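Enquirer: Next comes the structure file start.txt, holding compact mmCIF, C-alpha atoms.
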```
# COMPACT_ATOMS: atom_id res chain seq x y z
CA MET A 1 63.17 74.71 102.86
CA LYS A 2 66.88 74.70 102.09
CA THR A 3 69.22 76.12 104.68
CA LEU A 4 70.19 79.67 103.84
CA SER A 5 73.89 79.74 103.13
CA LYS A 6 76.27 82.56 103.88
CA SER A 7 76.40 83.61 100.24
CA PHE A 8 72.63 84.17 100.34
CA PHE A 9 73.00 86.70 103.11
CA SER A 10 75.84 88.54 101.45
CA ARG A 11 73.90 88.72 98.19
CA ALA A 12 70.76 89.70 100.07
CA TRP A 13 72.65 92.55 101.72
CA ILE A 14 73.98 93.82 98.43
CA GLY A 15 70.61 93.45 96.75
CA GLY A 16 68.85 95.12 99.66
CA ILE A 17 71.16 98.10 99.55
CA ALA A 18 70.63 98.32 95.80
CA LEU A 19 66.84 98.25 96.17
CA TRP A 20 67.05 100.86 98.92
CA LEU A 21 69.21 103.09 96.73
CA ALA A 22 66.78 102.68 93.89
CA SER A 23 63.78 103.62 96.00
CA SER A 24 65.22 106.74 97.63
CA SER A 25 63.30 109.15 95.46
CA SER A 26 63.42 111.88 98.10
CA ALA A 27 67.15 112.11 97.46
CA TRP A 28 66.31 113.92 94.22
CA ALA A 29 65.47 117.06 96.26
CA HIS A 30 68.47 119.18 95.32
CA VAL A 31 70.26 116.85 93.02
CA ASP A 32 69.35 118.63 89.80
CA ALA A 33 70.87 121.94 90.82
CA GLY A 34 74.30 123.11 89.71
CA SER A 35 77.15 120.72 89.15
CA ALA A 36 75.33 117.93 90.95
CA GLY A 37 72.75 118.14 88.18
CA GLY A 38 75.05 115.90 86.20
CA PHE A 39 74.79 113.07 88.73
CA GLY A 40 70.99 113.19 88.90
CA SER A 41 70.74 113.30 85.16
CA GLY A 42 73.23 110.47 84.76
CA PHE A 43 71.62 108.36 87.48
CA LYS A 44 68.12 108.82 86.08
CA HIS A 45 69.07 108.03 82.52
CA PRO A 46 69.20 104.22 82.72
CA TRP A 47 65.78 104.35 84.39
CA SER A 48 64.37 106.60 81.69
CA GLY A 49 63.38 103.79 79.37
CA LEU A 50 61.59 100.55 80.18
CA ASP A 51 63.68 98.83 77.53
CA HIS A 52 66.89 99.74 79.35
CA ILE A 53 65.49 98.69 82.73
CA ALA A 54 64.20 95.40 81.31
CA ALA A 55 67.49 94.42 79.72
CA MET A 56 69.63 95.39 82.69
CA VAL A 57 67.44 93.61 85.22
CA ALA A 58 67.43 90.59 82.88
CA VAL A 59 71.25 90.55 83.02
CA GLY A 60 71.07 90.38 86.80
CA LEU A 61 68.37 87.69 86.68
CA TRP A 62 70.31 85.55 84.23
CA GLY A 63 73.45 85.95 86.29
CA ALA A 64 71.58 84.77 89.37
CA GLN A 65 70.29 81.74 87.44
CA LEU A 66 73.76 80.85 86.16
CA GLY A 67 75.41 81.21 89.55
CA LYS A 68 79.14 81.76 89.95
CA PRO A 69 81.14 83.07 88.21
CA ALA A 70 78.56 84.51 85.78
CA ILE A 71 76.73 86.23 88.62
CA TRP A 72 79.47 88.82 88.88
CA ILE A 73 81.05 88.55 85.43
CA LEU A 74 77.87 89.64 83.63
CA PRO A 75 77.29 92.77 85.77
CA VAL A 76 80.93 93.68 85.19
CA THR A 77 80.89 93.04 81.44
CA PHE A 78 77.69 94.98 80.73
CA PRO A 79 78.69 98.34 82.31
CA MET A 80 82.22 98.10 80.91
CA VAL A 81 81.10 97.46 77.34
CA MET A 82 78.29 99.95 77.85
CA ALA A 83 80.93 102.54 78.66
CA VAL A 84 82.66 101.65 75.38
CA GLY A 85 79.34 102.11 73.57
CA GLY A 86 78.77 105.37 75.42
CA PHE A 87 82.24 106.52 74.47
CA LEU A 88 81.52 105.81 70.81
CA GLY A 89 78.22 107.67 71.06
CA LEU A 90 79.83 110.64 72.80
CA VAL A 91 82.62 111.08 70.25
CA GLY A 92 80.13 110.77 67.42
CA ILE A 93 81.00 107.34 66.01
CA GLY A 94 77.74 105.94 64.72
CA LEU A 95 76.36 102.50 65.40
CA PRO A 96 73.68 101.14 63.07
CA GLY A 97 70.32 99.95 64.37
CA VAL A 98 70.74 100.98 67.99
CA GLU A 99 67.05 100.85 68.87
CA ILE A 100 66.77 97.47 67.15
CA GLY A 101 69.74 96.24 69.13
CA ILE A 102 68.18 97.42 72.38
CA GLY A 103 64.84 95.76 71.61
CA ALA A 104 66.58 92.56 70.55
CA SER A 105 68.63 92.55 73.75
CA ALA A 106 65.56 92.68 75.95
CA LEU A 107 63.93 89.93 73.87
CA LEU A 108 66.94 87.59 73.82
CA LEU A 109 67.91 88.10 77.45
CA GLY A 110 64.29 87.56 78.46
CA ILE A 111 64.29 84.28 76.51
CA MET A 112 67.54 83.22 78.22
CA VAL A 113 65.94 83.75 81.62
CA ALA A 114 62.58 82.24 80.60
CA CYS A 115 64.20 79.07 79.29
CA ALA A 116 66.81 79.03 82.09
CA VAL A 117 69.49 78.52 79.45
CA LYS A 118 72.62 77.20 81.13
CA PRO A 119 75.67 77.38 78.87
CA LYS A 120 78.71 75.26 79.70
CA ASN A 121 80.98 78.26 80.21
CA PHE A 122 80.46 81.96 80.75
CA ILE A 123 82.22 83.16 77.61
CA TRP A 124 79.36 83.33 75.18
CA PRO A 125 76.89 84.79 77.74
CA ALA A 126 79.48 87.46 78.44
CA LEU A 127 79.86 88.09 74.71
CA LEU A 128 76.09 88.29 74.22
CA VAL A 129 75.65 90.61 77.17
CA GLY A 130 78.62 92.68 76.09
CA MET A 131 77.27 93.10 72.59
CA PHE A 132 74.00 94.41 73.93
CA GLY A 133 75.84 96.65 76.37
CA LEU A 134 77.40 98.31 73.35
CA PHE A 135 73.98 99.29 71.95
CA HIS A 136 72.63 100.47 75.29
CA GLY A 137 75.71 102.52 76.00
CA HIS A 138 75.66 104.09 72.57
CA ALA A 139 72.05 105.17 73.08
CA HIS A 140 72.96 106.82 76.38
CA GLY A 141 76.04 108.45 74.91
CA THR A 142 74.18 110.11 72.07
CA GLU A 143 71.38 111.19 74.42
CA LEU A 144 73.72 113.03 76.80
CA PRO A 145 72.41 116.58 77.22
CA ALA A 146 74.91 119.37 76.69
CA GLY A 147 76.28 121.28 79.64
CA GLU A 148 76.05 118.46 82.16
CA ASN A 149 78.97 117.86 84.48
CA GLY A 150 80.71 114.95 82.75
CA LEU A 151 82.19 113.24 85.80
CA PHE A 152 79.00 113.30 87.83
CA TYR A 153 76.98 112.15 84.84
CA SER A 154 79.33 109.22 84.19
CA LEU A 155 79.34 108.19 87.85
CA GLY A 156 75.56 108.46 88.17
CA PHE A 157 75.05 106.54 84.97
CA VAL A 158 77.36 103.64 85.90
CA ILE A 159 76.04 103.48 89.46
CA ALA A 160 72.44 103.37 88.22
CA THR A 161 73.27 100.56 85.82
CA GLY A 162 75.04 98.61 88.53
CA THR A 163 72.09 99.21 90.86
CA LEU A 164 69.71 97.77 88.26
CA HIS A 165 71.93 94.71 87.87
CA ALA A 166 72.06 94.31 91.65
CA CYS A 167 68.24 94.54 91.78
CA GLY A 168 68.13 91.78 89.19
CA ILE A 169 70.54 89.64 91.22
CA ALA A 170 68.55 90.28 94.41
CA ILE A 171 65.33 89.24 92.67
CA GLY A 172 67.20 86.29 91.17
CA GLU A 173 67.95 85.00 94.66
CA ILE A 174 64.48 83.42 94.66
CA ASN A 175 66.00 80.92 92.21
CA ARG A 176 67.11 78.75 95.13
CA TRP A 177 63.51 77.70 95.76
CA PRO A 178 61.52 75.63 93.21
CA ALA A 179 58.63 78.10 93.18
CA GLY A 180 61.15 80.89 92.79
CA LYS A 181 62.67 79.17 89.77
CA THR A 182 59.28 79.19 88.06
CA ILE A 183 58.58 82.81 88.99
CA LEU A 184 61.95 83.84 87.58
CA ARG A 185 61.23 82.13 84.30
CA ILE A 186 57.87 83.88 84.13
CA CYS A 187 59.68 87.19 84.73
CA GLY A 188 61.99 86.29 81.88
CA ALA A 189 59.01 85.60 79.65
CA VAL A 190 57.50 88.99 80.54
CA ILE A 191 60.80 90.69 79.74
CA ALA A 192 60.97 88.79 76.45
CA LEU A 193 57.45 89.94 75.56
CA GLY A 194 58.42 93.50 76.38
CA GLY A 195 61.51 93.08 74.25
CA ALA A 196 59.41 91.84 71.35
CA PHE A 197 57.27 94.97 71.69
CA PHE A 198 60.29 97.29 71.79
CA LEU A 199 61.72 95.49 68.77
CA TRP A 200 58.46 95.95 66.90
CA GLN A 201 58.42 99.61 67.91
CA ALA A 202 61.98 100.03 66.63
CA PHE A 203 60.92 98.81 63.20
CA GLN A 204 58.07 101.32 62.94
CA PRO A 205 58.50 104.15 60.39
CA ASP A 206 60.02 107.45 61.59
CA ALA A 207 56.67 109.30 61.73
CA ALA A 208 55.39 106.98 64.41
CA GLU A 209 58.73 107.23 66.25
CA ALA A 210 58.46 111.00 66.35
CA ALA A 211 55.20 110.62 68.23
CA ALA A 212 56.62 108.07 70.70
CA PRO A 213 60.19 109.31 71.23
CA ALA A 214 62.17 106.33 72.45
CA ALA A 215 61.45 102.63 72.73
CA GLY A 216 60.04 101.68 76.08
CA THR A 217 58.76 105.06 77.16
CA PHE A 218 55.16 104.24 76.40
CA VAL A 219 54.32 104.04 80.09
CA THR A 220 56.50 106.75 81.67
CA PRO A 221 55.66 110.25 80.40
CA GLN A 222 58.49 112.33 78.95
CA LYS A 223 59.67 115.37 80.98
CA MET B 224 98.74 97.48 113.28
CA ASN B 225 95.77 95.47 114.47
CA PHE B 226 92.90 97.40 112.92
CA ARG B 227 90.24 95.49 114.71
CA ARG B 228 91.61 96.58 118.07
CA HIS B 229 92.32 100.15 117.04
CA TRP B 230 89.42 101.08 114.74
CA PHE B 231 87.72 102.98 117.50
CA ARG B 232 90.81 105.06 118.19
CA LEU B 233 91.22 105.71 114.46
CA SER B 234 87.65 106.98 114.25
CA VAL B 235 88.12 109.22 117.25
CA ALA B 236 91.36 110.55 115.78
CA LEU B 237 89.55 111.37 112.57
CA LEU B 238 86.80 113.19 114.43
CA LEU B 239 89.32 115.19 116.43
CA ALA B 240 91.28 116.08 113.32
CA LEU B 241 88.22 117.39 111.59
CA SER B 242 86.80 119.30 114.51
CA ALA B 243 89.62 121.75 115.10
CA ASN B 244 88.32 125.05 116.52
CA ARG B 245 84.64 125.50 117.14
CA ALA B 246 82.50 123.04 115.22
CA GLU B 247 80.50 125.72 113.47
CA ALA B 248 78.02 124.02 111.20
CA HIS B 249 79.05 125.29 107.80
CA THR B 250 82.20 127.24 108.46
CA VAL B 251 84.50 124.46 109.65
CA PHE B 252 86.69 124.82 106.61
CA SER B 253 86.05 128.27 105.21
CA THR B 254 87.45 130.30 108.11
CA ASN B 255 90.29 128.07 109.20
CA GLY B 256 92.90 128.92 106.65
CA PRO B 257 94.36 127.29 103.57
CA PHE B 258 95.30 123.96 105.15
CA PHE B 259 91.67 123.17 105.89
CA GLY B 260 90.83 124.74 102.57
CA GLY B 261 92.92 121.97 101.05
CA ILE B 262 90.98 119.34 102.97
CA LYS B 263 87.74 120.93 101.80
CA HIS B 264 89.03 120.98 98.22
CA PHE B 265 89.72 117.27 98.42
CA LEU B 266 86.33 116.48 99.95
CA LEU B 267 84.60 118.37 97.14
CA SER B 268 86.51 116.62 94.35
CA PRO B 269 84.99 113.23 93.63
CA ASP B 270 87.70 112.22 91.17
CA ASP B 271 90.42 112.88 93.78
CA ILE B 272 88.50 110.92 96.40
CA ILE B 273 87.92 108.01 94.02
CA ILE B 274 91.59 107.89 93.02
CA ALA B 275 92.74 107.87 96.65
CA VAL B 276 90.27 105.17 97.68
CA ALA B 277 90.90 103.10 94.51
CA PHE B 278 94.65 103.17 95.05
CA GLY B 279 94.18 102.27 98.70
CA MET B 280 92.05 99.28 97.71
CA PHE B 281 94.46 98.28 94.95
CA ALA B 282 97.43 98.25 97.33
CA THR B 283 95.43 96.40 99.99
CA LEU B 284 94.41 93.67 97.56
CA ARG B 285 98.10 92.95 97.12
CA ARG B 286 98.74 92.40 100.84
CA PRO B 287 100.55 90.77 102.55
CA LYS B 288 103.12 90.77 99.75
CA VAL B 289 102.96 94.55 99.51
CA THR B 290 103.01 96.38 102.85
CA GLY B 291 100.79 99.29 103.74
CA SER B 292 103.78 101.63 103.55
CA ALA B 293 103.49 101.51 99.77
CA LEU B 294 100.38 103.67 100.18
CA TRP B 295 102.55 106.64 101.14
CA SER B 296 103.75 106.96 97.54
CA LEU B 297 100.42 108.48 96.50
CA PRO B 298 100.16 111.47 98.86
CA THR B 299 103.91 112.11 98.75
CA ALA B 300 104.02 112.32 94.97
CA TRP B 301 100.80 114.35 95.05
CA VAL B 302 102.26 117.03 97.32
CA VAL B 303 105.77 117.09 95.83
CA VAL B 304 104.65 117.32 92.20
CA GLY B 305 101.91 119.73 93.23
CA ILE B 306 104.43 122.12 94.74
CA ILE B 307 106.71 121.82 91.73
CA ALA B 308 103.79 122.50 89.38
CA LEU B 309 102.71 125.44 91.52
CA LEU B 310 106.17 127.00 91.49
CA SER B 311 106.65 126.36 87.79
CA GLY B 312 103.71 128.63 87.01
CA ALA B 313 102.20 126.20 84.50
CA ALA B 314 98.67 126.94 83.35
CA PRO B 315 95.82 124.87 84.80
CA ALA B 316 94.46 122.02 82.68
CA THR B 317 91.43 123.01 80.62
CA SER B 318 90.07 119.55 79.86
CA GLU B 319 89.13 116.55 81.95
CA ILE B 320 91.04 114.12 79.75
CA PRO B 321 93.95 113.50 82.19
CA ALA B 322 91.53 112.97 85.09
CA ALA B 323 89.46 110.59 82.96
CA CYS B 324 92.54 108.56 82.00
CA SER B 325 93.66 108.31 85.60
CA LEU B 326 90.17 107.15 86.66
CA MET B 327 90.31 104.45 83.99
CA ALA B 328 93.80 103.39 85.03
CA ALA B 329 92.93 103.22 88.73
CA GLY B 330 89.69 101.36 88.03
CA LEU B 331 91.41 98.83 85.78
CA LEU B 332 94.16 98.23 88.33
CA VAL B 333 91.57 97.27 90.92
CA ALA B 334 89.34 95.35 88.51
CA LEU B 335 92.09 93.24 86.95
CA ASN B 336 93.60 92.36 90.33
CA LEU B 337 97.04 92.10 88.74
CA ASN B 338 99.70 90.46 90.86
CA LEU B 339 102.18 93.33 90.77
CA PRO B 340 105.30 93.50 92.95
CA ALA B 341 105.79 96.19 95.58
CA LEU B 342 107.91 98.45 93.35
CA ALA B 343 105.22 98.47 90.67
CA VAL B 344 102.57 99.39 93.24
CA ILE B 345 104.74 102.22 94.52
CA GLY B 346 105.41 103.34 90.95
CA THR B 347 101.68 103.40 90.25
CA GLY B 348 101.15 105.57 93.31
CA VAL B 349 103.86 107.96 92.15
CA VAL B 350 102.33 108.26 88.67
CA LEU B 351 98.74 108.73 89.87
CA GLY B 352 99.76 111.06 92.69
CA GLY B 353 102.04 113.02 90.41
CA LEU B 354 99.30 113.51 87.83
CA HIS B 355 96.72 114.70 90.32
CA GLY B 356 99.29 116.76 92.18
CA TYR B 357 100.06 118.53 88.92
CA LEU B 358 96.35 119.14 88.27
CA ASN B 359 95.77 120.45 91.80
CA GLY B 360 98.99 122.48 91.95
CA THR B 361 98.36 124.35 88.73
CA ALA B 362 94.75 125.01 89.69
CA MET B 363 95.68 126.52 93.08
CA ARG B 364 97.98 129.19 91.66
CA GLU B 365 95.71 132.18 92.29
CA ALA B 366 95.68 131.60 96.03
CA GLY B 367 99.26 132.80 96.35
CA THR B 368 102.34 130.63 96.79
CA TRP B 369 102.40 129.94 100.51
CA PRO B 370 98.62 129.49 100.94
CA ALA B 371 98.65 127.16 97.93
CA VAL B 372 101.46 125.10 99.47
CA LEU B 373 99.41 124.79 102.66
CA GLN B 374 96.37 123.81 100.59
CA LEU B 375 98.44 121.12 98.90
CA PHE B 376 99.49 119.78 102.28
CA GLY B 377 95.81 119.74 103.25
CA VAL B 378 95.05 117.76 100.12
CA GLY B 379 97.99 115.45 100.77
CA VAL B 380 96.85 114.68 104.31
CA SER B 381 93.31 114.01 103.07
CA VAL B 382 94.59 111.73 100.31
CA ALA B 383 96.70 109.81 102.81
CA PHE B 384 93.76 109.50 105.14
CA ALA B 385 91.37 108.36 102.40
CA SER B 386 93.72 105.69 101.07
CA PHE B 387 94.58 104.37 104.55
CA TRP B 388 90.88 104.39 105.37
CA ALA B 389 90.34 102.15 102.34
CA LEU B 390 93.08 99.84 103.62
CA ALA B 391 91.51 99.78 107.09
CA VAL B 392 88.04 98.98 105.74
CA LEU B 393 89.34 96.11 103.63
CA GLU B 394 91.45 94.75 106.47
CA LEU B 395 88.48 94.86 108.81
CA ALA B 396 86.41 93.07 106.20
CA ASP B 397 89.02 90.27 106.31
CA LEU B 398 89.55 89.20 102.71
CA ALA B 399 90.87 85.79 103.78
CA LYS B 400 87.66 84.92 105.58
CA ARG B 401 85.31 86.51 103.03
CA PRO B 402 86.72 86.13 99.52
CA TRP B 403 83.53 87.53 97.95
CA ILE B 404 84.57 90.98 99.16
CA ARG B 405 87.49 90.87 96.75
CA ILE B 406 84.95 90.33 93.98
CA VAL B 407 82.84 93.28 95.16
CA VAL B 408 85.94 95.51 95.20
CA ARG B 409 86.90 94.37 91.70
CA VAL B 410 83.36 95.06 90.46
CA LEU B 411 83.57 98.58 91.92
CA GLY B 412 86.91 98.96 90.19
CA SER B 413 85.36 97.99 86.88
CA TRP B 414 82.63 100.58 87.40
CA THR B 415 85.28 103.20 88.14
CA ALA B 416 87.04 102.33 84.90
CA ALA B 417 83.71 102.49 83.05
CA SER B 418 83.04 105.96 84.52
CA GLY B 419 86.51 107.06 83.47
CA LEU B 420 85.89 105.88 79.92
CA LEU B 421 82.58 107.75 79.77
CA LEU B 422 84.24 110.86 81.16
CA LEU B 423 86.93 110.54 78.49
CA GLY B 424 84.28 110.39 75.79
CA TRP B 425 82.50 113.37 77.30
CA SER B 426 85.76 115.37 77.42
CA LEU B 427 86.58 114.52 73.83
CA ARG B 428 83.10 115.60 72.79
CA ALA B 429 83.48 118.87 74.69
CA VAL B 430 86.76 119.50 72.89
CA HIS B 431 85.08 119.34 69.49
```
As structure tokens - that is how I would like this structure written.
Expert:
Amino acid sequence: MKTLSKSFFSRAWIGGIALWLASSSSAWAHVDAGSAGGFGSGFKHPWSGLDHIAAMVAVGLWGAQLGKPAIWILPVTFPMVMAVGGFLGLVGIGLPGVEIGIGASALLLGIMVACAVKPKNFIWPALLVGMFGLFHGHAHGTELPAGENGLFYSLGFVIATGTLHACGIAIGEINRWPAGKTILRICGAVIALGGAFFLWQAFQPDAAEAAAPAAGTFVTPQK
Amino acid sequence: MNFRRHWFRLSVALLLALSANRAEAHTVFSTNGPFFGGIKHFLLSPDDIIIAVAFGMFATLRRPKVTGSALWSLPTAWVVVGIIALLSGAAPATSEIPAACSLMAAGLLVALNLNLPALAVIGTGVVLGGLHGYLNGTAMREAGTWPAVLQLFGVGVSVAFASFWALAVLELADLAKRPWIRIVVRVLGSWTAASGLLLLGWSLRAVH
């Protein structure tokens, strides 16, 4: 077994805190009341669709596979560009094929992780991830319910996204062991399969989409 | 100041400052006058807290070239412009657009880790503090002039404390020994900028 380096512990700490944050469901007790309702709503939104979760965890997984500097550049690029997409969605600027873009992002990112694609520099991964962030952000921006406290919603939303990335990075830490490498690639394949499903769902006619509201919510029931 | 040696005293000082009078569970701030009302106002405003902490982190990332004294520009501008805005009788801001822009600016400053000289850092503090001082000052008009001034001083003290707390935390973390902490701070800065952008979009939507 390889010696655990210092960077492992620091990443483990960050990942552990992220996983702890993500599992603190009891903290929802009073979060939906009053102005804090915005934070709960914003925080829950990235978790509301399996397609969002899959793509965002995949970003963290791929970053962990690529190592530095991608490991922190990707989780910075995605939320930033996602905020741009969200901004466009909020002010009403349309983006064509959002659900297709979201499905494709899960599929492509899953393939990147499954094949352990290692590009020579981080520019085109950042571009790829950023492009998908645009679609995800736009979906969240258009889905923002009226009357929510904007600041809390934005903070909750960005923190949830970052938490998902951190979960992905924490899981990706198993990459340092040979068995872990294989497990990660299997995870990537699963995400890619899910992405293929979401993509297929996105191409279904509108009647079917009315029955199943958003891509990826086939497991979690709508409120 | 050697933070490692004095962190305990700093914590005790904070506790003492916040526990003036009896430490009644939920009335610490509501019955102790406008100064503590100002502290409470700050503690209940996430955008003010984020700005103060972000600026503190931004200035600390520039050390040792920029000294900690540059941090004073933020609370000073906050209080001075706040009082001027209060006395001018200007109407309170109705949209969150200025707050959103300042969040974006503060987040980007931290995220980009620009190598700015001391004067630029101080100037940034003056601009950010001035903006939020204006927002706070105009909003506190109904309290009456003198209570509002005391509230602004309460806010100013809290802002100073929050930004120096950020400096202390980063200094304790020892950026020279652990360079990955700089990356974590920059990531948090990018998230702050992202939140500001979303808030801007939300405000623009609300305006329509």
Enquirer: Please, which residues in segment 33-73 of chain A fall within 10 Å of segment 134-139 of chain A when counting only C-alpha atoms, and what is the closest atom pair and distance in Å to one decimal for each, ordered by chain then residue number, as JSON lines?
Expert:
```
{"residue": "A:Pro46", "atom": "CA", "partner": "A:His136", "partner_atom": "CA", "distance": 9.0}
{"residue": "A:Asp51", "atom": "CA", "partner": "A:His136", "partner_atom": "CA", "distance": 9.4}
{"residue": "A:His52", "atom": "CA", "partner": "A:His136", "partner_atom": "CA", "distance": 7.1}
{"residue": "A:Ala55", "atom": "CA", "partner": "A:His136", "partner_atom": "CA", "distance": 9.1}
{"residue": "A:Met56", "atom": "CA", "partner": "A:His136", "partner_atom": "CA", "distance": 9.5}
```
Enquirer: What is the atom CA of Leu233 of chain B to atom CA of Arg409 of chain B distance in Å?
Expert: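 Going from atom CA of Leu233 of chain B over to atom CA of Arg409 of chain B, I get 25.8 Å.
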Enquirer: So that I can check the surroundings of Ala104 of chain A, please list as a VMD selection string every protein, DNA and RNA residue that reaches within 12 Å of it, counting only C-alpha atoms and ignoring chain neighbours fewer than 3 positions away.
Expert: chain A and resid 51 to 52 54 to 55 97 to 101 107 to 111 128 to 129 131 to 133 135 to 136 191 to 203 215
Enquirer: Please, which residues of chain A lie no more than 6 Å from chain B when the count uses all atoms listed in the file, and can they be set out as a compact mmCIF listing (two decimals) with C-alpha atoms, keeping the file's coordinate frame?
Expert:
```
# COMPACT_ATOMS: atom_id res chain seq x y z
CA VAL A 76 80.93 93.68 85.19
CA MET A 80 82.22 98.10 80.91
CA ALA A 83 80.93 102.54 78.66
CA PHE A 87 82.24 106.52 74.47
CA LEU A 90 79.83 110.64 72.80
CA VAL A 91 82.62 111.08 70.25
CA GLY A 150 80.71 114.95 82.75
CA LEU A 151 82.19 113.24 85.80
CA SER A 154 79.33 109.22 84.19
CA LEU A 155 79.34 108.19 87.85
```
Enquirer: Would you list the contacts of Ser268 of chain B as a count of residues only, taking every protein, DNA or RNA residue within 12 Å and counting only C-alpha atoms, but skipping same-chain residues closer than 5 positions in sequence?
Expert: 17
Enquirer: In Å, rounded to a single decimal, give me how far atom CA of Ala391 of chain B is from atom CA of Leu237 of chain B.
Expert: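 Spanning atom CA of Leu237 of chain B to atom CA of Ala391 of chain B is a straight-line distance of 13.0 Å.
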Enquirer: By how many Å are atom CA of Val303 of chain B and atom CA of Leu326 of chain B apart?
Expert: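 We find that atom CA of Val303 of chain B and atom CA of Leu326 of chain B lie 20.6 Å from each other.
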Enquirer: Just checking: using all atoms listed in the file, which residue out of B:Met327, B:Val304, B:Ser311, B:Leu335 ends up closest to Arg405 of chain B?
Expert: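 Nearest to Arg405 of chain B: B:Leu335.
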Enquirer: Counting all atoms listed in the file, which of A:Gln65, A:Ile123, A:Gly130, A:Ser41 gets nearest to Glu143 of chain A?
Expert: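 Smallest distance to Glu143 of chain A is found for A:Ser41.
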Enquirer: For Arg285 of chain B, work out the shell of residues within 12 Å, counting only C-alpha atoms and skipping chain neighbours fewer than 5 positions away, then give it as a ChimeraX atom specification.
Expert: /B:278-280,290-291,293-294,332-333,335-345,390,393-394,398,405
Enquirer: Give me the residues near Pro370 of chain B as a ChimeraX atom specification, where near means some atom within 12 Å (using all atoms listed in the file) and where sequence neighbours in that chain fewer than 2 positions away do not count.
Expert: /B:255-261,306,309,360,363-368,372-377
